[in-house]
Amino acid sequence: MEREPLLKVRGVETYYGKIVALRGVDIDVHEGEIVTLIGANGAGKSTLMMTICGSPQARNGSITYLGEDITNLPTHEIMRKDIAQSPEGRRIFPRMSVMENLQMGAAVADPAHFHADLERVFTLFPRLKERQEQRGGTLSGGEQQMLAIARALMGRPRLLLLDEPSLGLAPLIVKQIFDAIAELNRTDGLTVFLVEQNAYHALKLAHRGYVMVNGTITLSGTGSELLSREEVKAAYLEGGRH
Amino acid sequence: MAAQKDTLLSGSVKDAGMGGLVAFGLFSLMIGMKTEVDIGGLAIEYRWGAVATAVAVVFFGRLLLNLFVWKSERPVTGVVSGLMPKASAFSSVAHLVTPVLFVLAVTLPFLLMYWLGARGSRQYLDLAILVTTYVMLGWGLNIVVGLAGLLDLGYVAFYAVGAYSYALLAQYFGFSFWICLPLAGILSAFWGIILGFPVLRLRGDYLAIVTLAFGEIIRVVLLNWYEFTGGPDGISGIPRPSFFGLEFTRGEGGFAAFFGLDYSSIHRIIFLYYLILILALVTNFVTMRLRKLPVGRAWEALREDEIACRSLGINTTNTKLTAFALGAMFGGFAGSFFATRQGFISPESFTFIESAVILAIVVLGGLGSQIGVVIAAVVMIGGFEFFREFEEYRMLVFGLLMVLIMVWKPRGLISTRTPSITLSKGKAKGISADLVQEGHG
């Protein structure tokens, strides 16, 4: 008897108008896991992430969180269920200060935890503490990504959805951010669903992984299994370890 | 050096001469000839003097621009922009501006009465009332445009709804100003929500067009629903507000008699001034409080990034609707005040140009800045009335002024935004717009 996953995606099909983006996707994310989804540009990774968040909504199939069907809920209600998302392209609030960005992250959380949560993200990303009065738009790309993750954490999530946190960042910063994700998972038991193009780092970090091609899952397995598969090496790790 | 100067001069003259020739070619027909009605048909009237003037303007204009701006090593524009005050020069006195303006606003009627007497201060008080009305409208629109980032070109619709609500309620039911004021606010807020629903999915240009149309629809309905609103005749005889039941009338039971003062018509003007000042200050106070509450923070976040808002669990539908409703409510209050001050309203007072003026105040003042709106309203409305003697050149002067302000300070007069939260002790530091690229921050 397998235990019920935290997030269960079954047969999800998503369309943009008449164009099909996802053709029946099945994914499980169990409590305490880091699960990654890798794939090429345009494979549908971000679409799956957005479909989980309810925008766009799946035309067929179901998405279940903690046994509750969330397929057709509006985005803001899904995001109030201990799920937090750091969207693609970071999307921090550029004219608001770092503190205000973090405060917005806690917009729907219990205000009693605010200062404890703030301490937690400042310990995780000390750079943000130094920059707390600066405008979000003046941060460097890496700092903005840290802010996006920290902002998501301010909502006290049980499940953290990360969409391409390594996008456009220097390798050293990518390592810092992935270390932080691993740390969150190890110490707080945070469940993470990570969509990534940076297959090598993502698979090293994740417990399990899925490979998406053209709107369907073609491979799945543990991170190290996938890393050693020839198809994965050929398709995503060409050109060495980056 | 001398040779260089020579080529600069001769080159400039040649260039200006070419410009003059082109201008002559164009203007000789367009300006030089004019058809006039004459006996037995049309006749051509020649105006070579006007052509000569136009060509001379082009020639010398181009010559001067060549010599001092385009070809010069030290363009005059650089020197001029150097003369413009730098933002940092103001920062030392910036924190004094708000209290000084506040004290000035509160004591203004007494200062005017002291210097100019009742008769002389009347026109300045009227102007102050007008300016304060626009400050209030600016603050109301600032919620929608400055904080929530929803470009509303039809704000005057709510001003109209507020004014007509009071006028019609007073006319049909005989309600007093103090009962109608909250009702007008509620009705306007309701219309704000009605506008809000269809435009929930729109942003930027598209939203602007729909709000523009909405403003026109309200005006056209008011204009054509003759039996109910009086159409173009408007509504007259709108009752004046009373001071806790005391009318501003001569004789027994009036305001002056009750307080043992000599009757003067200026009392009512001063009362109106304080009424609009209090209404405006309430608008400001509510806005400043809301900025620090979740709904106000959500407005600002919505302005920055709607998708990010939704991903943080914020209900963007409610956030937008509250912004529209609150902005509309304050517009409605101002409208009621307008109706009671004028005693007469007609759709003519609520044309698109009003929306444009209010929006210009908000943009020139610096989107989201409360004190910026005050300064912009004083400059715009005060200046508008002040330069009445320029007559037709007034619009030109104001167009130029607005262009200059936008070139000098593209984000409006006050572009520094104070964060609503900070951990450091003392006053929160303002975040200067200079640090953030245009269009990105």
# chains A, B, ... in the order shown; residues from 1 in each chain; ligands from 1
call {"tool": "interface_residues", "arguments": {"of": "chain A", "to": "chain B", "cutoff": "7 Å", "atoms": "only C-alpha atoms", "output": "ChimeraX atom specification"}}
result
/A:75-77,79-80,84-85,91,93-97,99-100,105,107-108,135,137-138
call {"tool": "select_by_dssp", "arguments": {"residues": "segment 9-198 of chain A", "states": "strand (DSSP E or B)", "output": "number ranges by chain"}}
result
A: 9-16, 19-29, 34-39, 60-65, 68-69, 83-86, 97, 135, 159-163, 191-196
call {"tool": "write_last_selection", "arguments": {"atoms": "C-alpha atoms", "output": "PDB file, in the first residue's frame"}}
result
ATOM      1  CA  VAL A   9      -1.277  15.032 -10.996  1.00  0.00           C
ATOM      2  CA  ARG A  10      -3.278  12.609 -13.134  1.00  0.00           C
ATOM      3  CA  GLY A  11      -3.867  12.729 -16.866  1.00  0.00           C
ATOM      4  CA  VAL A  12      -3.664  16.506 -17.045  1.00  0.00           C
ATOM      5  CA  GLU A  13      -4.272  18.032 -20.456  1.00  0.00           C
ATOM      6  CA  THR A  14      -3.872  21.772 -20.934  1.00  0.00           C
ATOM      7  CA  TYR A  15      -4.616  23.807 -24.026  1.00  0.00           C
ATOM      8  CA  TYR A  16      -3.792  27.326 -25.101  1.00  0.00           C
ATOM      9  CA  ILE A  19      -3.015  24.350 -29.196  1.00  0.00           C
ATOM     10  CA  VAL A  20      -2.329  21.443 -26.917  1.00  0.00           C
ATOM     11  CA  ALA A  21       0.442  22.073 -24.378  1.00  0.00           C
ATOM     12  CA  LEU A  22       0.133  19.091 -22.040  1.00  0.00           C
ATOM     13  CA  ARG A  23      -1.031  15.698 -23.309  1.00  0.00           C
ATOM     14  CA  GLY A  24      -1.917  13.720 -20.217  1.00  0.00           C
ATOM     15  CA  VAL A  25       0.696  14.236 -17.516  1.00  0.00           C
ATOM     16  CA  ASP A  26       1.010  12.054 -14.393  1.00  0.00           C
ATOM     17  CA  ILE A  27       3.232  13.231 -11.559  1.00  0.00           C
ATOM     18  CA  ASP A  28       3.484  12.444  -7.841  1.00  0.00           C
ATOM     19  CA  VAL A  29       5.199  14.575  -5.250  1.00  0.00           C
ATOM     20  CA  ILE A  34      12.518  17.223  -3.823  1.00  0.00           C
ATOM     21  CA  VAL A  35      11.088  16.345  -7.221  1.00  0.00           C
ATOM     22  CA  THR A  36      12.398  17.919 -10.388  1.00  0.00           C
ATOM     23  CA  LEU A  37      10.927  18.204 -13.846  1.00  0.00           C
ATOM     24  CA  ILE A  38      13.422  18.695 -16.637  1.00  0.00           C
ATOM     25  CA  GLY A  39      12.948  19.159 -20.351  1.00  0.00           C
ATOM     26  CA  ASN A  60      -8.941  17.217 -18.569  1.00  0.00           C
ATOM     27  CA  GLY A  61      -7.432  15.234 -15.734  1.00  0.00           C
ATOM     28  CA  SER A  62      -7.124  16.050 -12.054  1.00  0.00           C
ATOM     29  CA  ILE A  63      -4.738  17.706  -9.654  1.00  0.00           C
ATOM     30  CA  THR A  64      -5.032  16.674  -6.026  1.00  0.00           C
ATOM     31  CA  TYR A  65      -3.351  18.284  -3.035  1.00  0.00           C
ATOM     32  CA  GLU A  68      -8.432  17.505  -2.142  1.00  0.00           C
ATOM     33  CA  ASP A  69      -9.215  18.194  -5.788  1.00  0.00           C
ATOM     34  CA  ILE A  83       1.442  25.916  -1.458  1.00  0.00           C
ATOM     35  CA  ALA A  84       3.846  28.642  -2.476  1.00  0.00           C
ATOM     36  CA  GLN A  85       5.268  29.404  -5.855  1.00  0.00           C
ATOM     37  CA  SER A  86       8.274  31.269  -7.107  1.00  0.00           C
ATOM     38  CA  SER A  97      11.550  47.455  -0.947  1.00  0.00           C
ATOM     39  CA  ARG A 135      14.115  48.504  -3.953  1.00  0.00           C
ATOM     40  CA  LEU A 159       4.955  22.519  -0.820  1.00  0.00           C
ATOM     41  CA  LEU A 160       7.242  24.934  -2.642  1.00  0.00           C
ATOM     42  CA  LEU A 161       6.955  25.217  -6.410  1.00  0.00           C
ATOM     43  CA  LEU A 162      10.046  26.659  -8.087  1.00  0.00           C
ATOM     44  CA  ASP A 163      10.068  27.570 -11.766  1.00  0.00           C
ATOM     45  CA  THR A 191       8.604  19.475  -0.079  1.00  0.00           C
ATOM     46  CA  VAL A 192       9.915  21.012  -3.295  1.00  0.00           C
ATOM     47  CA  PHE A 193       8.753  20.666  -6.884  1.00  0.00           C
ATOM     48  CA  LEU A 194      11.425  22.124  -9.110  1.00  0.00           C
ATOM     49  CA  VAL A 195      11.125  22.863 -12.810  1.00  0.00           C
ATOM     50  CA  GLU A 196      14.568  23.264 -14.353  1.00  0.00           C
TER      51      GLU A 196
END
call {"tool": "closest_residue", "arguments": {"among": "B:Ser242, B:Ser346, B:Asn142, B:Thr132", "to": "Gly368 of chain B", "atoms": "only C-alpha atoms"}}
result
B:Asn142
call {"tool": "residues_around", "arguments": {"residues": "Ala52 of chain B", "least_positions_apart": "3", "cutoff": "12 Å", "atoms": "only C-alpha atoms", "output": "VMD selection string"}}
result
chain B and resid 20 to 21 23 to 25 27 to 28 31 to 32 46 to 49 55 to 60
call {"tool": "residues_around", "arguments": {"residues": "Phe175 of chain B", "least_positions_apart": "6", "cutoff": "12 Å", "atoms": "only C-alpha atoms", "output": "number ranges by chain"}}
result
B: 165-169, 181-184, 238-241
call {"tool": "atom_distance", "arguments": {"atom1": "atom CA of Leu207 of chain B", "atom2": "atom CA of Ser55 of chain A"}}
result
21.2 Å
call {"tool": "atom_distance", "arguments": {"atom1": "atom CA of Pro109 of chain B", "atom2": "atom CA of Ala170 of chain B"}}
result
28.9 Å
call {"tool": "atom_distance", "arguments": {"atom1": "atom CA of Leu205 of chain A", "atom2": "atom CA of Ile78 of chain A"}}
result
26.3 Å
call {"tool": "residues_around", "arguments": {"residues": "segment 222-232 of chain B", "least_positions_apart": "3", "cutoff": "12 Å", "atoms": "only C-alpha atoms", "output": "list in words"}}
result
Ala157, Ala160, Val161, Ala163, Tyr164, Ser165, Tyr166, Ala167, Leu168, Leu169, Gln171, Tyr172, Gly215, Glu216, Ile217, Ile218, Arg219, Ile235, Ser236, Phe344, Ile345, Ser346, Pro347, Glu348, Ser349, Phe350 and Thr351 of chain B
call {"tool": "residues_around", "arguments": {"residues": "Leu102 of chain A", "least_positions_apart": "5", "cutoff": "9 Å", "atoms": "only C-alpha atoms", "output": "list in words"}}
result
Ser97, Ala107, Leu118, Leu147, Ala148, Ala150, Arg151, Ala152, Leu153 and Met154 of chain A
call {"tool": "write_last_selection", "arguments": {"atoms": "C-alpha atoms", "output": "mmCIF file, in the first residue's frame"}}
result
data_model
loop_
_atom_site.group_PDB
_atom_site.id
_atom_site.type_symbol
_atom_site.label_atom_id
_atom_site.label_comp_id
_atom_site.auth_asym_id
_atom_site.auth_seq_id
_atom_site.Cartn_x
_atom_site.Cartn_y
_atom_site.Cartn_z
ATOM 1 C CA SER A 97 11.550 47.455 -0.947
ATOM 2 C CA ALA A 107 0.012 38.428 2.802
ATOM 3 C CA LEU A 118 11.625 36.831 8.552
ATOM 4 C CA LEU A 147 14.098 37.317 -2.813
ATOM 5 C CA ALA A 148 11.588 35.422 -4.951
ATOM 6 C CA ALA A 150 12.277 34.027 0.333
ATOM 7 C CA ARG A 151 9.006 35.730 -0.534
ATOM 8 C CA ALA A 152 7.449 32.356 -1.327
ATOM 9 C CA LEU A 153 8.748 30.982 1.989
ATOM 10 C CA MET A 154 7.097 33.814 3.928
#
